[in-house]
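See below for the structure under consideration.
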Amino acid sequence: MKIIVKENDIEGGAAAFKIFEKGIKNGAKVLGLATGSTPVTLYQNWVKSDLNCDNLTSINLDEYVGLKPDNPQSYHYFMQKHLFDKKPFKKSYVPDGLEATKDPQAAADHYNQIIKDNPIDIQLLGIGRNGHIAFNEPGSSFDTVTREVKLTDNTIKANSRFFDNIDEVPKSAICMGIANIMSAKKVVLMAFGKNKAHAIKEMIEGPVTEQVPASILQKHLDVVVIIDKAAASELDDKYKK
Ligand code: GLP
C-alpha cells in the first residue's frame with residue numbers, strides 16, 4: 001500500500017483527483033465510484049477541472065434498498081449532485097434501489113453482470129469507523145459479490161445524520177462485494193478525521209481479517225491510501241512520511 005498523508009481533506013481531495021486524472025490520461029475507462037462525505041473534496045476538484053468524461057463509465061459501490069433515484073438521500077441523487085450534473089459520463093451505473101425492493105437477487109445479479117462486462121480500472125473507497133468498505137460490514141466474507149446486505153445498527157446510526165430521523169434510514173442496501181472491489185486494477189481509499197484513525201490503523205497494521213473488511217486491501221497489489229493527519233494519528237511513524 002502506498003500511504004499519502006495530507007494536512008486536511010481539501011489537500012487530500014486534490015491529491016486523489018490527481019491520481020484519477022493521471023489514470024484516465026493513461027487509459028483508465030471504467031471507474032468505481034463511492035459516496036459519503038469523504039469523497040466530496042475529490043468531486044469538487046473533478047467538477048472544476050477540464051477533464052473530459054465523455055468516454056468514461058462509472059460503477060457505484062452501493063445504493064439503499066427502497067429509495068428512488070430522485071430521493072435526496074439516495075446515492076443516485078448524491079452522484080448527480082456532486083459529479084454527473086456537471087461532468088456527465090458516457091454511462092453511469094448505480095444499483096437500482098427500487099428493483100431491489102421487489103427482487104434483491106435479480107438486482108444484485110444484474111449488477112454483477114455489469115461489473116463483469118466493465119472491469120473496473122480504478123476503484124474509489126471510503127471507510128467506515130468499524131473498517132467497513134461500501135456496506136460490507138465486519139464479518140462479510142472476502143468472497144462476496146454484489147448482494148443485498150443488512151445495515152448494522154452502528155451504520156444506521158452513523159448515516160442517520162443525512163436523514164430527518166433515524167427511522168427513515170433504510171435497513172438494507174445493494175452493495176458490491178469484497179471480491180468485486182478486489183478485482184479492480186487499482187484502488188484509491190480516502191479517509192479524513194480522527195474518528196477514522198482506528199479503522200485506518202487496523203486496515204494497514206492489523207491482521208487481514210473479515211472482522212476488518214478493509215484489511216483485505218493489504219493483499220491488493222495497487223492500493224493508494226489518502227488520509228489526513230487526524231486519520232493517520234494512530235499509525236506507526238514509519239507510515240507517516
Ligand atoms: C457508508 C458508505 C461507505 C462510506 C462510509 C463512510 O456506510 N456506504 O461507502 O465509505 O459510510 O462514510 P463517510 O465518508 O461519510 O465517513
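Residue numbering restarts at 1 for every chain of the C-alpha cells, chains are lettered A, B, ... in their displayed order, and ligands are numbered from 1 as they appear.
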Sort by chain and increasing residue number a table of all residues of chain A within 10 Å of ligand 1, each with its closest pair of atoms and their distance in Å to one decimal, counting only C-alpha atoms and all ligand atoms, and write it as CSV.
```
residue,atom,partner,partner_atom_place_in_ligand_line,distance
A:Leu33,CA,ligand 1,9 (O),9.2
A:Ala34,CA,ligand 1,9 (O),5.7
A:Thr35,CA,ligand 1,9 (O),5.5
A:Gly36,CA,ligand 1,15 (O),3.6
A:Ser37,CA,ligand 1,15 (O),3.7
A:Thr38,CA,ligand 1,14 (O),3.7
A:Pro39,CA,ligand 1,14 (O),6.6
A:Val40,CA,ligand 1,14 (O),8.4
A:Asn60,CA,ligand 1,9 (O),9.4
A:Leu61,CA,ligand 1,9 (O),7.0
A:Asp62,CA,ligand 1,8 (N),6.6
A:Glu63,CA,ligand 1,8 (N),8.0
A:Tyr64,CA,ligand 1,8 (N),8.9
A:Tyr75,CA,ligand 1,8 (N),9.1
A:Leu124,CA,ligand 1,9 (O),9.2
A:Leu125,CA,ligand 1,10 (O),6.0
A:Gly126,CA,ligand 1,10 (O),3.4
A:Ile127,CA,ligand 1,10 (O),4.1
A:Gly128,CA,ligand 1,6 (C),4.4
A:Arg129,CA,ligand 1,6 (C),7.3
A:Asn130,CA,ligand 1,5 (C),9.6
A:Gly131,CA,ligand 1,5 (C),9.1
A:His132,CA,ligand 1,5 (C),7.3
A:Ile133,CA,ligand 1,10 (O),5.8
A:Ala134,CA,ligand 1,9 (O),3.6
A:Phe135,CA,ligand 1,8 (N),4.7
A:Asn136,CA,ligand 1,8 (N),8.1
A:Glu137,CA,ligand 1,7 (O),8.7
A:Leu151,CA,ligand 1,7 (O),8.5
A:Thr152,CA,ligand 1,7 (O),9.6
A:Asn154,CA,ligand 1,7 (O),9.5
A:Thr155,CA,ligand 1,7 (O),5.9
A:Ile156,CA,ligand 1,7 (O),8.2
A:Ala158,CA,ligand 1,11 (O),7.7
A:Asn159,CA,ligand 1,7 (O),6.7
A:Arg161,CA,ligand 1,15 (O),9.4
A:Phe162,CA,ligand 1,15 (O),9.3
A:Ala173,CA,ligand 1,8 (N),8.6
A:Cys175,CA,ligand 1,8 (N),8.3
A:Leu189,CA,ligand 1,10 (O),8.9
A:Met190,CA,ligand 1,14 (O),8.2
A:Ala191,CA,ligand 1,14 (O),7.1
A:Phe192,CA,ligand 1,16 (O),7.8
A:Gly193,CA,ligand 1,16 (O),8.8
A:Asn195,CA,ligand 1,16 (O),8.7
A:Lys196,CA,ligand 1,16 (O),7.9
```
Note to self: Using only C-alpha atoms, which protein or nucleic acid residues come within 10 Å of Ile226 (chain A)? Drop anything in the same chain fewer than 2 positions from it, and give the result as an MDAnalysis selection string.
What the structure shows: chainID A and resid 2:6 9 11:13 15:16 126 188:192 223:224 228 231:232
Check: A:Phe142, A:Trp46, A:Tyr239, A:Phe163: which is nearest Pro213 (chain A), counting only C-alpha atoms?
Finding: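 The answer is A:Phe142, which sits nearest to Pro213 (chain A).
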Check: With distances taken over only C-alpha atoms, which of A:Ala197, A:Ala14, A:Ile59, A:Val187 is nearest to Lys116 (chain A)?
Finding: A:Ile59
Note to self: DSSP on the backbone, strand (DSSP E or B) only: what residues of region 52-148 of chain A does that give? Format it as a ChimeraX atom specification.
What the structure shows: /A:57-60,62-64,91-93,122-125,133,136,147-148
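Omitting Met203 (chain A) and its sequence neighbours fewer than 5 positions away, and counting only C-alpha atoms, the residues within 9 Å are Gly131, His198, Val208, Val212, Pro213, Ala214, Ser215, Ile216, Leu217 and Gln218 of chain A.
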Next item on the list: Using only C-alpha atoms, determine which residues lie at most 12 Å from region 88-104 of chain A, disregarding the query and same-chain residues fewer than 6 positions distant; provide the list as a PyMOL selection string.
Entry: chain A and resi 29-35+46-47+51-71+73-82+110-115+118+146-150+170-176
